[in-house]
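Visitor: Structure file my_file.txt (compact mmCIF, C-alpha atoms and all ligand atoms) is given on the next line.
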```
# COMPACT_ATOMS: atom_id res chain seq x y z
CA MET A 18 -107.76 -15.98 36.45
CA LYS A 19 -104.83 -17.31 38.43
CA LYS A 20 -106.54 -20.66 38.88
CA SER A 21 -107.17 -21.15 35.17
CA LEU A 22 -103.54 -20.27 34.43
CA LEU A 23 -102.41 -22.93 36.88
CA ILE A 24 -104.69 -25.50 35.27
CA ALA A 25 -103.37 -24.57 31.86
CA LEU A 26 -99.78 -24.84 33.11
CA SER A 27 -100.50 -28.23 34.68
CA ALA A 28 -101.91 -29.43 31.40
CA VAL A 29 -98.79 -28.33 29.56
CA LEU A 30 -96.53 -30.06 32.10
CA ALA A 31 -98.59 -33.23 31.96
CA GLY A 32 -98.36 -33.10 28.20
CA CYS A 33 -94.58 -32.88 28.40
CA ALA A 34 -94.36 -35.87 30.72
CA GLU A 35 -96.47 -37.93 28.39
CA THR A 36 -94.56 -37.06 25.26
CA THR A 37 -92.87 -40.15 23.87
CA ARG A 38 -89.31 -39.56 22.80
CA PRO A 39 -87.36 -41.83 20.49
CA GLY A 40 -85.90 -44.75 22.40
CA GLU A 41 -88.27 -44.49 25.36
CA ASP A 42 -91.12 -46.77 26.25
CA SER A 43 -94.37 -45.16 25.20
CA GLY A 44 -96.47 -43.79 28.01
CA GLY A 45 -93.89 -44.04 30.84
CA PRO A 46 -92.31 -41.13 32.65
CA PRO A 47 -88.84 -39.97 31.50
CA VAL A 48 -86.12 -42.23 32.81
CA GLY A 49 -82.58 -41.66 34.00
CA THR A 50 -79.67 -42.78 31.85
CA LEU A 51 -76.67 -44.40 33.51
CA THR A 52 -73.35 -43.13 32.10
CA LEU A 53 -70.01 -44.29 33.53
CA SER A 54 -66.77 -42.31 33.06
CA ARG A 55 -64.81 -45.42 32.13
CA SER A 56 -65.24 -49.02 31.09
CA GLU A 57 -61.99 -50.19 32.68
CA MET A 58 -60.08 -49.30 35.83
CA VAL A 59 -56.54 -50.40 36.68
CA PHE A 60 -54.77 -50.37 40.04
CA ASN A 61 -51.46 -51.36 41.55
CA ALA A 62 -50.43 -51.88 45.13
CA GLY A 63 -47.75 -53.58 47.17
CA GLY A 64 -44.54 -52.60 48.93
CA ASP A 65 -44.91 -49.05 50.29
CA VAL A 66 -48.46 -48.82 48.90
CA PRO A 67 -50.78 -51.25 50.75
CA SER A 68 -53.90 -50.19 48.88
CA ASP A 69 -54.75 -48.23 45.72
CA ARG A 70 -57.83 -46.04 45.34
CA ARG A 71 -59.25 -44.68 42.08
CA THR A 72 -62.49 -42.97 41.23
CA LEU A 73 -65.32 -43.76 38.84
CA GLN A 74 -67.82 -41.07 37.92
CA VAL A 75 -71.46 -42.14 37.66
CA SER A 76 -73.66 -39.65 35.80
CA ASN A 77 -77.32 -39.41 34.96
CA THR A 78 -77.46 -38.19 31.37
CA GLY A 79 -81.18 -38.91 31.02
CA GLU A 80 -84.22 -36.75 31.74
CA GLY A 81 -85.73 -38.56 34.71
CA THR A 82 -84.39 -39.83 38.01
CA LEU A 83 -81.69 -42.50 37.88
CA ASN A 84 -81.85 -45.22 40.53
CA VAL A 85 -78.56 -47.05 40.95
CA SER A 86 -79.90 -50.13 42.66
CA GLY A 87 -76.86 -52.37 42.68
CA LEU A 88 -73.05 -52.11 42.82
CA ALA A 89 -71.44 -55.52 42.89
CA VAL A 90 -67.92 -56.79 42.25
CA THR A 91 -67.85 -60.26 40.74
CA GLY A 92 -65.19 -62.61 39.44
CA GLU A 93 -62.31 -64.68 40.70
CA ASP A 94 -60.44 -61.89 42.50
CA ALA A 95 -63.52 -59.89 43.58
CA ALA A 96 -62.47 -59.95 47.25
CA ARG A 97 -59.47 -57.68 46.48
CA PHE A 98 -61.71 -54.86 45.22
CA ALA A 99 -64.17 -52.78 47.22
CA LEU A 100 -66.43 -49.74 47.04
CA PRO A 101 -66.16 -48.47 50.61
CA GLY A 102 -69.27 -46.89 52.08
CA VAL A 103 -71.39 -47.14 48.95
CA SER A 104 -75.02 -48.20 49.01
CA PRO A 105 -77.78 -47.82 46.40
CA PHE A 106 -78.45 -44.18 45.52
CA SER A 107 -80.43 -41.96 43.17
CA LEU A 108 -79.32 -39.14 40.89
CA ALA A 109 -81.56 -36.41 39.54
CA ALA A 110 -81.33 -35.61 35.83
CA GLY A 111 -77.93 -34.08 35.07
CA GLU A 112 -76.35 -35.06 38.40
CA SER A 113 -73.22 -37.11 38.85
CA ARG A 114 -71.32 -38.69 41.70
CA GLU A 115 -67.77 -39.93 42.18
CA LEU A 116 -67.38 -43.45 43.54
CA ALA A 117 -64.15 -44.63 45.12
CA VAL A 118 -62.99 -48.10 44.15
CA THR A 119 -60.11 -49.68 46.07
CA PHE A 120 -57.70 -52.52 45.34
CA THR A 121 -56.01 -54.15 48.32
CA PRO A 122 -53.89 -57.21 47.59
CA ASN A 123 -54.03 -59.91 50.18
CA SER A 124 -50.35 -60.56 50.80
CA ASP A 125 -47.20 -61.58 49.01
CA ALA A 126 -49.00 -64.84 48.36
CA ASP A 127 -51.02 -63.33 45.52
CA LEU A 128 -48.44 -61.26 43.67
CA GLY A 129 -49.33 -60.56 40.07
CA PRO A 130 -52.40 -59.60 38.03
CA GLN A 131 -55.89 -59.87 39.49
CA ASN A 132 -59.13 -59.28 37.61
CA ALA A 133 -62.75 -58.70 38.52
CA THR A 134 -65.84 -56.99 37.14
CA LEU A 135 -67.85 -54.16 38.66
CA ARG A 136 -71.54 -54.46 37.79
CA VAL A 137 -73.62 -51.31 38.12
CA THR A 138 -77.38 -51.96 37.98
CA GLN A 139 -79.93 -49.33 37.04
CA GLY A 140 -83.56 -49.54 38.18
CA GLY A 141 -85.42 -52.33 39.89
CA GLU A 142 -85.38 -56.08 39.47
CA GLY A 143 -84.30 -56.98 35.95
CA GLY A 144 -82.84 -53.50 35.48
CA SER A 145 -80.09 -52.87 32.98
CA VAL A 146 -76.49 -53.57 33.98
CA GLN A 147 -73.25 -51.89 32.91
CA GLU A 148 -69.88 -53.49 33.56
CA VAL A 149 -66.48 -52.01 34.37
CA TYR A 150 -63.37 -54.17 33.93
CA LEU A 151 -61.22 -54.08 37.09
CA GLY A 152 -57.53 -54.97 36.83
CA GLY A 153 -55.30 -54.92 39.90
CA LEU A 154 -51.58 -55.61 39.95
CA SER A 155 -50.06 -56.79 43.21
CA VAL A 156 -46.36 -55.86 43.16
CA GLU A 157 -43.55 -56.95 45.44
CA GLY A 158 -42.37 -53.36 45.97
CA GLN A 159 -40.96 -50.29 44.26
CA GLU A 160 -37.93 -49.98 41.96
CA GLY A 161 -35.25 -52.41 40.86
CA THR A 162 -36.24 -56.03 40.57
CA LYS A 163 -39.31 -55.52 42.81
CA GLU A 164 -41.13 -53.91 39.86
CA PRO A 165 -43.61 -55.94 37.80
CA SER A 166 -42.83 -57.41 34.39
CA VAL A 167 -44.38 -55.96 31.23
CA GLN A 168 -46.21 -59.31 30.91
CA TRP A 169 -47.94 -58.72 34.24
CA ILE A 170 -48.80 -55.17 33.15
CA PHE A 171 -50.44 -56.52 29.96
CA ASP A 172 -52.18 -59.28 31.95
CA THR A 173 -53.59 -56.71 34.39
CA TYR A 174 -55.10 -54.75 31.51
CA GLY A 175 -56.38 -58.06 30.15
CA PHE A 176 -54.53 -57.75 26.84
CA PRO A 177 -53.70 -61.26 25.54
CA ILE A 178 -50.25 -60.24 24.29
CA GLN A 179 -47.13 -62.36 24.81
CA THR A 180 -44.10 -60.23 25.66
CA GLY A 181 -41.64 -63.11 25.27
CA ASP A 182 -40.75 -63.10 28.98
CA GLU A 183 -39.89 -66.65 30.03
CA ASP A 184 -40.64 -65.83 33.68
CA PRO A 185 -43.31 -63.12 34.15
CA THR A 186 -42.80 -63.25 37.93
CA THR A 187 -39.43 -61.51 37.51
CA SER A 188 -39.17 -57.93 36.26
CA ALA A 189 -36.66 -58.57 33.45
CA LEU A 190 -38.30 -59.04 30.03
CA VAL A 191 -35.23 -60.72 28.62
CA GLU A 192 -32.56 -62.33 30.78
CA GLU A 193 -29.81 -61.44 28.30
CA ALA A 194 -29.88 -58.10 26.46
CA THR A 195 -30.69 -58.57 22.79
CA ASN A 196 -31.65 -56.50 19.76
CA ALA A 197 -33.89 -59.31 18.46
CA PRO A 198 -37.70 -59.03 18.69
CA VAL A 199 -39.21 -61.32 21.32
CA GLY A 200 -42.71 -62.75 21.84
CA ASP A 201 -45.41 -60.93 19.86
CA GLU A 202 -43.11 -57.94 19.28
CA VAL A 203 -42.90 -56.59 15.72
CA VAL A 204 -40.14 -54.69 13.96
CA ALA A 205 -41.22 -51.04 13.91
CA GLN A 206 -38.73 -48.26 14.56
CA THR A 207 -40.50 -45.47 12.67
CA PHE A 208 -44.18 -44.96 11.88
CA ARG A 209 -46.66 -43.31 9.52
CA ARG A 210 -50.12 -42.05 10.35
CA ALA A 211 -52.60 -44.78 9.33
CA ASP A 212 -55.71 -42.63 8.72
CA PRO A 213 -54.52 -39.16 7.66
CA THR A 214 -57.90 -37.62 8.54
CA GLN A 215 -57.60 -38.62 12.20
CA PRO A 216 -55.08 -37.65 14.88
CA VAL A 217 -52.57 -40.04 16.40
CA THR A 218 -53.25 -40.69 20.08
CA VAL A 219 -50.88 -41.45 22.94
CA GLU A 220 -51.82 -42.98 26.29
CA VAL A 221 -49.42 -43.96 29.07
CA LEU A 222 -50.52 -47.39 30.31
CA ALA A 223 -47.83 -47.76 32.95
CA THR A 224 -44.53 -46.47 34.24
CA PHE A 225 -42.18 -48.24 36.61
CA ALA A 226 -39.18 -45.93 36.69
CA VAL A 227 -37.13 -43.73 39.05
CA PRO A 228 -40.08 -42.13 40.91
CA ASN A 229 -38.53 -39.17 42.73
CA VAL A 230 -36.98 -36.98 40.02
CA GLU A 231 -39.30 -34.39 38.42
CA PRO A 232 -40.54 -35.18 35.84
CA VAL A 233 -40.31 -38.97 35.76
CA PHE A 234 -40.07 -38.70 31.97
CA GLU A 235 -41.17 -36.70 28.95
CA PHE A 236 -42.61 -38.35 25.85
CA GLY A 237 -43.06 -37.14 22.31
CA PHE A 238 -42.35 -37.65 18.62
CA TYR A 239 -39.86 -36.43 16.04
CA GLU A 240 -39.69 -36.48 12.26
CA ALA A 241 -37.49 -39.33 11.13
CA GLY A 242 -34.50 -38.81 8.90
CA ALA A 243 -32.88 -35.71 10.37
CA ALA A 244 -29.38 -36.14 11.74
CA GLU A 245 -30.41 -34.09 14.80
CA PRO A 246 -34.06 -34.89 15.50
CA SER A 247 -36.33 -32.01 16.52
CA LEU A 248 -38.15 -33.35 19.59
CA GLN A 249 -41.86 -32.47 19.83
CA LYS A 250 -42.96 -32.98 23.42
CA LEU A 251 -46.48 -34.40 23.89
CA LEU A 252 -46.62 -35.02 27.62
CA SER A 253 -44.66 -35.25 30.83
CA LEU A 254 -45.19 -37.47 33.80
CA PRO A 255 -45.11 -35.74 37.23
CA ILE A 256 -43.80 -37.50 40.33
CA ARG A 257 -47.11 -36.87 42.16
CA PRO A 258 -49.75 -37.88 43.15
CA GLY A 259 -48.35 -40.67 45.29
CA LEU A 260 -45.74 -42.80 43.60
CA ASN A 261 -46.86 -41.69 40.13
CA GLY A 262 -43.61 -43.00 38.63
CA GLN A 263 -44.44 -46.54 39.80
CA ARG A 264 -47.97 -46.85 38.59
CA LEU A 265 -50.50 -48.29 36.17
CA GLY A 266 -52.58 -45.58 34.51
CA PRO A 267 -50.38 -42.76 35.86
CA VAL A 268 -51.34 -39.09 35.90
CA ILE A 269 -49.90 -37.18 32.93
CA VAL A 270 -49.46 -33.49 32.12
CA PRO A 271 -50.23 -32.92 28.42
CA SER A 272 -47.96 -30.52 26.52
CA VAL A 273 -50.40 -30.05 23.64
CA PRO A 274 -54.09 -29.00 23.62
CA GLY A 275 -56.91 -31.47 23.16
CA ALA A 276 -56.03 -34.12 25.74
CA GLU A 277 -58.96 -35.97 27.26
CA ALA A 278 -59.03 -38.51 30.06
CA GLY A 279 -55.29 -39.09 29.87
CA VAL A 280 -55.24 -39.53 26.07
CA VAL A 281 -53.13 -37.02 24.14
CA SER A 282 -53.94 -36.41 20.45
CA PHE A 283 -51.69 -34.82 17.86
CA ASN A 284 -51.61 -34.27 14.13
CA ALA A 285 -48.65 -36.35 13.06
CA PRO A 286 -46.46 -35.15 10.20
CA GLY A 287 -47.17 -36.46 6.71
CA GLY A 288 -43.90 -38.37 6.51
CA THR A 289 -42.34 -40.88 8.85
CA PHE A 290 -41.78 -40.22 12.51
CA GLY A 291 -40.42 -41.90 15.61
CA PHE A 292 -41.18 -41.60 19.30
CA TYR A 293 -38.81 -40.67 22.13
CA SER A 294 -38.76 -40.56 25.90
CA SER A 295 -36.42 -38.32 27.94
CA TRP A 296 -35.27 -39.27 31.42
CA PRO A 297 -33.96 -36.50 33.66
CA THR A 298 -32.60 -38.67 36.43
CA THR A 299 -28.90 -38.52 37.12
CA ARG A 300 -29.02 -41.40 39.54
CA PHE A 301 -27.99 -44.04 37.03
CA PHE A 302 -27.40 -42.00 33.86
CA GLU A 303 -27.21 -38.42 32.61
CA GLN A 304 -30.50 -37.12 31.26
CA ARG A 305 -30.83 -39.73 28.58
CA THR A 306 -33.19 -39.70 25.60
CA VAL A 307 -34.37 -43.08 24.29
CA PHE A 308 -35.63 -43.43 20.70
CA THR A 309 -37.71 -45.98 18.83
CA GLU A 310 -34.86 -46.01 16.28
CA ASP A 311 -32.10 -48.22 17.62
CA ALA A 312 -29.37 -46.31 15.77
CA ARG A 313 -30.08 -43.19 17.85
CA ASN A 314 -29.59 -45.03 21.15
CA THR A 315 -25.84 -44.57 21.16
CA PHE A 316 -25.58 -45.09 24.92
CA ASP A 317 -25.69 -48.86 24.50
CA ALA A 318 -23.85 -51.33 22.29
CA LEU A 319 -27.15 -53.27 22.23
CA PRO A 320 -29.36 -50.29 21.39
CA HIS A 321 -32.82 -51.90 21.08
CA HIS A 322 -34.54 -50.10 23.97
CA VAL A 323 -38.14 -49.84 22.66
CA ARG A 324 -40.18 -52.96 21.88
CA PRO A 325 -43.44 -52.44 19.92
CA TYR A 326 -46.29 -54.91 20.49
CA PRO A 327 -49.47 -54.86 18.36
CA LEU A 328 -52.50 -54.33 20.61
CA LYS A 329 -55.01 -57.14 21.09
CA GLU A 330 -58.39 -56.68 22.72
CA ARG A 331 -59.44 -58.67 25.79
CA GLY A 332 -61.32 -61.11 23.60
CA GLY A 333 -58.14 -61.73 21.60
CA ALA A 334 -58.95 -59.75 18.44
CA PRO A 335 -56.07 -57.69 17.03
CA VAL A 336 -56.71 -53.92 17.06
CA GLU A 337 -55.69 -52.32 13.78
CA ASN A 338 -53.04 -49.61 13.79
CA ALA A 339 -52.50 -49.72 17.56
CA TYR A 340 -49.13 -50.51 19.15
CA ILE A 341 -47.82 -50.59 22.69
CA LEU A 342 -44.25 -49.27 23.02
CA ALA A 343 -42.38 -50.85 25.94
CA THR A 344 -39.31 -48.75 26.77
CA ASP A 345 -36.22 -49.55 28.79
CA GLU A 346 -34.40 -46.38 29.80
CA SER A 347 -31.20 -48.05 30.98
CA ASN A 348 -29.09 -51.10 30.31
CA ARG A 349 -29.13 -52.40 33.85
CA LEU A 350 -32.26 -54.53 34.27
CA ASN A 351 -33.74 -55.20 30.78
CA ASP A 352 -37.20 -54.61 32.28
CA TYR A 353 -38.76 -52.45 29.47
CA ASN A 354 -41.44 -51.35 31.98
CA ASP A 355 -40.14 -47.79 32.44
CA ALA A 356 -42.65 -46.32 29.95
CA VAL A 357 -45.42 -48.51 28.52
CA VAL A 358 -47.28 -46.32 26.02
CA LEU A 359 -50.22 -47.13 23.73
CA ILE A 360 -50.15 -45.39 20.32
CA ARG A 361 -53.18 -45.50 18.02
CA ASN A 362 -53.61 -44.69 14.32
CA VAL A 363 -50.07 -45.57 13.24
CA GLN A 364 -48.46 -48.13 10.94
CA PRO A 365 -44.84 -49.23 10.97
CA ALA A 366 -42.99 -47.30 8.27
CA GLU A 367 -39.71 -49.14 8.04
CA ALA A 368 -37.53 -51.52 9.95
CA GLY A 369 -35.07 -48.87 11.00
CA LEU A 370 -32.33 -46.58 9.82
CA CA B 401 -39.09 -61.94 33.66
CA CA B 402 -35.37 -49.98 33.02
CA CA B 403 -38.19 -50.05 35.53
```
Would you write out, as structure tokens, the structure that this file holds?

Guide:
Amino acid sequence: MKKSLLIALSAVLAGCAETTRPGEDSGGPPVGTLTLSRSEMVFNAGGDVPSDRRTLQVSNTGEGTLNVSGLAVTGEDAARFALPGVSPFSLAAGESRELAVTFTPNSDADLGPQNATLRVTQGGEGGSVQEVYLGGLSVEGQEGTKEPSVQWIFDTYGFPIQTGDEDPTTSALVEEATNAPVGDEVVAQTFRRADPTQPVTVEVLATFAVPNVEPVFEFGFYEAGAAEPSLQKLLSLPIRPGLNGQRLGPVIVPSVPGAEAGVVSFNAPGGTFGFYSSWPTTRFFEQRTVFTEDARNTFDALPHHVRPYPLKERGGAPVENAYILATDESNRLNDYNDAVVLIRNVQPAEAGL
């Protein structure tokens, strides 16, 4: 009785294994599916931070065993990136593993953006490969003129956008303060939602600001037109971990529900709106708020403190309805690297007040 039950069960199991599912080779056992948590990773190091370490999650979202047979960094600056202590490994169905990836610039000799590619190979010889873009920014140090230029920040992400900086090796975007657009910048001080059925998303690409006052900054939107704008906070940027206020891809604390992987979504108002950042530091100024609308930046006679750049993909193609806002929170250094924020699903509404 028991024996026949076992045989019957074995037959059922064998039947399952032999079932062909859509997308699988007929007749083979179920295979693992390699899923990576990100397709790009950015790093910055230099000054007080000799090396930067970030994590990549590797998951097996298939139904069989996943064999990760190769992890290789290739490209011109491959030697700056490493996966310490990692060798080929297997994951059972549904398992995942965090991999540490490090960026360690060589010396002051290679300041600036450095790029490589992480290739993750699944299976045996001729197995499928997935790639992760690696961008590392080697900085001279922290704060003041040791910070990187916005051009180097864009270059590290691989975005082929010209900021208009005549010398990307120095932190200042413009040598002389000006209200005029520079480089690929466009005139856009207020915005509308582009696709009204989709949310607007906000992602902090970088911040190089005063790093030791909590929070480094807050960021949000407001409906345009009111004399006293009602500020709607979307996120704040904590001073930790590490020097989070001097960082590419910093950690954020969302103020609204529905944030995923550092991207905050919100349902923008039907009319026009602007974006703001608030800076609590009293070291150089008193708790200032900086607006995309020049006319609201009454702290400066030259009030153009947010420069919008249309996003371009790594291959050079423009990305519709996506803009990077480069903000300068003071009128000391003209660096515009204090908050570099990517906004998607917006269109410029008007040139300004
Ligand atoms: Ca410069
Ligand atoms: Ca600044
Ligand atoms: Ca700065």

Visitor: Around ligand CA 401 (chain B), which protein and nucleic acid residues have at least one atom no more than 8 Å from it, if we count all atoms listed in the file? List them as an mmCIF file with C-alpha atoms, in the frame of the given file.

Guide:
```
data_model
loop_
_atom_site.group_PDB
_atom_site.id
_atom_site.type_symbol
_atom_site.label_atom_id
_atom_site.label_comp_id
_atom_site.auth_asym_id
_atom_site.auth_seq_id
_atom_site.Cartn_x
_atom_site.Cartn_y
_atom_site.Cartn_z
ATOM 1 C CA SER A 166 -42.830 -57.410 34.390
ATOM 2 C CA ASP A 182 -40.750 -63.100 28.980
ATOM 3 C CA GLU A 183 -39.890 -66.650 30.030
ATOM 4 C CA ASP A 184 -40.640 -65.830 33.680
ATOM 5 C CA PRO A 185 -43.310 -63.120 34.150
ATOM 6 C CA THR A 186 -42.800 -63.250 37.930
ATOM 7 C CA THR A 187 -39.430 -61.510 37.510
ATOM 8 C CA SER A 188 -39.170 -57.930 36.260
ATOM 9 C CA ALA A 189 -36.660 -58.570 33.450
ATOM 10 C CA LEU A 190 -38.300 -59.040 30.030
ATOM 11 C CA VAL A 191 -35.230 -60.720 28.620
ATOM 12 C CA GLU A 192 -32.560 -62.330 30.780
ATOM 13 C CA ASP A 352 -37.200 -54.610 32.280
#
```

Visitor: Neighbours of ligand CA 403 (chain B) within 7 Å, counting only C-alpha atoms and all ligand atoms, as a ChimeraX atom specification?

Guide: /A:160-161,164,225-226,352-355

Visitor: Which one is closest to Ala366 (chain A): A:Arg305, A:Val227, A:Ala99, A:Val203? Count all atoms listed in the file.

Guide: A:Val203

Visitor: Find the residues near Asn338 (chain A): any atom within 10 Å, counting all atoms listed in the file, skip ones fewer than 4 places away on the same chain, and give them as a PyMOL selection string.

Guide: chain A and resi 209-212+217+327-328+360-365

Visitor: For CA of Ser68 (chain A) and CA of Asp172 (chain A), determine how far apart the two atoms are, in Å to one decimal place.

Guide: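 Between these atoms lies a distance of 19.3 Å.
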
Visitor: Using the atoms already present, construct N, CA and C atoms for region 109-134 of chain A and hand them back as a PDB file, in the coordinates of the input.

Guide:
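Saved as result36.pdb:
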```pdb
ATOM      1  N   ALA A 109     -80.614 -37.180  40.351  1.00  0.00           N
ATOM      2  CA  ALA A 109     -81.560 -36.410  39.540  1.00  0.00           C
ATOM      3  C   ALA A 109     -80.954 -36.205  38.145  1.00  0.00           C
ATOM      4  N   ALA A 110     -81.796 -35.844  37.204  1.00  0.00           N
ATOM      5  CA  ALA A 110     -81.330 -35.610  35.830  1.00  0.00           C
ATOM      6  C   ALA A 110     -80.162 -34.621  35.848  1.00  0.00           C
ATOM      7  N   GLY A 111     -79.084 -34.968  35.176  1.00  0.00           N
ATOM      8  CA  GLY A 111     -77.930 -34.080  35.070  1.00  0.00           C
ATOM      9  C   GLY A 111     -76.940 -34.177  36.206  1.00  0.00           C
ATOM     10  N   GLU A 112     -77.274 -34.943  37.253  1.00  0.00           N
ATOM     11  CA  GLU A 112     -76.350 -35.060  38.400  1.00  0.00           C
ATOM     12  C   GLU A 112     -75.317 -36.142  38.159  1.00  0.00           C
ATOM     13  N   SER A 113     -74.195 -36.034  38.889  1.00  0.00           N
ATOM     14  CA  SER A 113     -73.220 -37.110  38.850  1.00  0.00           C
ATOM     15  C   SER A 113     -72.586 -37.255  40.226  1.00  0.00           C
ATOM     16  N   ARG A 114     -71.923 -38.372  40.406  1.00  0.00           N
ATOM     17  CA  ARG A 114     -71.320 -38.690  41.700  1.00  0.00           C
ATOM     18  C   ARG A 114     -70.050 -39.500  41.462  1.00  0.00           C
ATOM     19  N   GLU A 115     -69.022 -39.180  42.270  1.00  0.00           N
ATOM     20  CA  GLU A 115     -67.770 -39.930  42.180  1.00  0.00           C
ATOM     21  C   GLU A 115     -67.799 -41.098  43.162  1.00  0.00           C
ATOM     22  N   LEU A 116     -67.456 -42.275  42.666  1.00  0.00           N
ATOM     23  CA  LEU A 116     -67.380 -43.450  43.540  1.00  0.00           C
ATOM     24  C   LEU A 116     -65.925 -43.851  43.680  1.00  0.00           C
ATOM     25  N   ALA A 117     -65.497 -44.127  44.905  1.00  0.00           N
ATOM     26  CA  ALA A 117     -64.150 -44.630  45.120  1.00  0.00           C
ATOM     27  C   ALA A 117     -64.150 -46.147  44.995  1.00  0.00           C
ATOM     28  N   VAL A 118     -63.185 -46.661  44.253  1.00  0.00           N
ATOM     29  CA  VAL A 118     -62.990 -48.100  44.150  1.00  0.00           C
ATOM     30  C   VAL A 118     -61.578 -48.388  44.642  1.00  0.00           C
ATOM     31  N   THR A 119     -61.436 -49.383  45.515  1.00  0.00           N
ATOM     32  CA  THR A 119     -60.110 -49.680  46.070  1.00  0.00           C
ATOM     33  C   THR A 119     -59.658 -51.082  45.653  1.00  0.00           C
ATOM     34  N   PHE A 120     -58.337 -51.214  45.582  1.00  0.00           N
ATOM     35  CA  PHE A 120     -57.700 -52.520  45.340  1.00  0.00           C
ATOM     36  C   PHE A 120     -56.703 -52.744  46.468  1.00  0.00           C
ATOM     37  N   THR A 121     -56.891 -53.831  47.193  1.00  0.00           N
ATOM     38  CA  THR A 121     -56.010 -54.150  48.320  1.00  0.00           C
ATOM     39  C   THR A 121     -55.573 -55.594  48.185  1.00  0.00           C
ATOM     40  N   PRO A 122     -54.334 -55.813  47.734  1.00  0.00           N
ATOM     41  CA  PRO A 122     -53.890 -57.210  47.590  1.00  0.00           C
ATOM     42  C   PRO A 122     -53.801 -57.872  48.955  1.00  0.00           C
ATOM     43  N   ASN A 123     -53.961 -59.150  48.940  1.00  0.00           N
ATOM     44  CA  ASN A 123     -54.030 -59.910  50.180  1.00  0.00           C
ATOM     45  C   ASN A 123     -52.697 -59.950  50.901  1.00  0.00           C
ATOM     46  N   SER A 124     -51.668 -60.383  50.194  1.00  0.00           N
ATOM     47  CA  SER A 124     -50.350 -60.560  50.800  1.00  0.00           C
ATOM     48  C   SER A 124     -49.404 -60.888  49.664  1.00  0.00           C
ATOM     49  N   ASP A 125     -48.160 -61.165  50.027  1.00  0.00           N
ATOM     50  CA  ASP A 125     -47.200 -61.580  49.010  1.00  0.00           C
ATOM     51  C   ASP A 125     -47.635 -62.865  48.310  1.00  0.00           C
ATOM     52  N   ALA A 126     -48.574 -63.562  48.921  1.00  0.00           N
ATOM     53  CA  ALA A 126     -49.000 -64.840  48.360  1.00  0.00           C
ATOM     54  C   ALA A 126     -49.714 -64.663  47.026  1.00  0.00           C
ATOM     55  N   ASP A 127     -50.327 -63.490  46.808  1.00  0.00           N
ATOM     56  CA  ASP A 127     -51.020 -63.330  45.520  1.00  0.00           C
ATOM     57  C   ASP A 127     -50.418 -62.193  44.702  1.00  0.00           C
ATOM     58  N   LEU A 128     -49.102 -62.191  44.577  1.00  0.00           N
ATOM     59  CA  LEU A 128     -48.440 -61.260  43.670  1.00  0.00           C
ATOM     60  C   LEU A 128     -48.922 -61.499  42.250  1.00  0.00           C
ATOM     61  N   GLY A 129     -48.976 -60.403  41.464  1.00  0.00           N
ATOM     62  CA  GLY A 129     -49.330 -60.560  40.070  1.00  0.00           C
ATOM     63  C   GLY A 129     -50.683 -59.969  39.741  1.00  0.00           C
ATOM     64  N   PRO A 130     -51.151 -60.216  38.499  1.00  0.00           N
ATOM     65  CA  PRO A 130     -52.400 -59.600  38.030  1.00  0.00           C
ATOM     66  C   PRO A 130     -53.635 -60.241  38.622  1.00  0.00           C
ATOM     67  N   GLN A 131     -54.631 -59.394  38.938  1.00  0.00           N
ATOM     68  CA  GLN A 131     -55.890 -59.870  39.490  1.00  0.00           C
ATOM     69  C   GLN A 131     -57.030 -59.126  38.796  1.00  0.00           C
ATOM     70  N   ASN A 132     -58.050 -59.869  38.426  1.00  0.00           N
ATOM     71  CA  ASN A 132     -59.130 -59.280  37.610  1.00  0.00           C
ATOM     72  C   ASN A 132     -60.482 -59.524  38.249  1.00  0.00           C
ATOM     73  N   ALA A 133     -61.367 -58.561  38.073  1.00  0.00           N
ATOM     74  CA  ALA A 133     -62.750 -58.700  38.520  1.00  0.00           C
ATOM     75  C   ALA A 133     -63.616 -57.787  37.645  1.00  0.00           C
ATOM     76  N   THR A 134     -64.913 -57.810  37.902  1.00  0.00           N
ATOM     77  CA  THR A 134     -65.840 -56.990  37.140  1.00  0.00           C
ATOM     78  C   THR A 134     -66.752 -56.244  38.101  1.00  0.00           C
TER      79      THR A 134
END
```
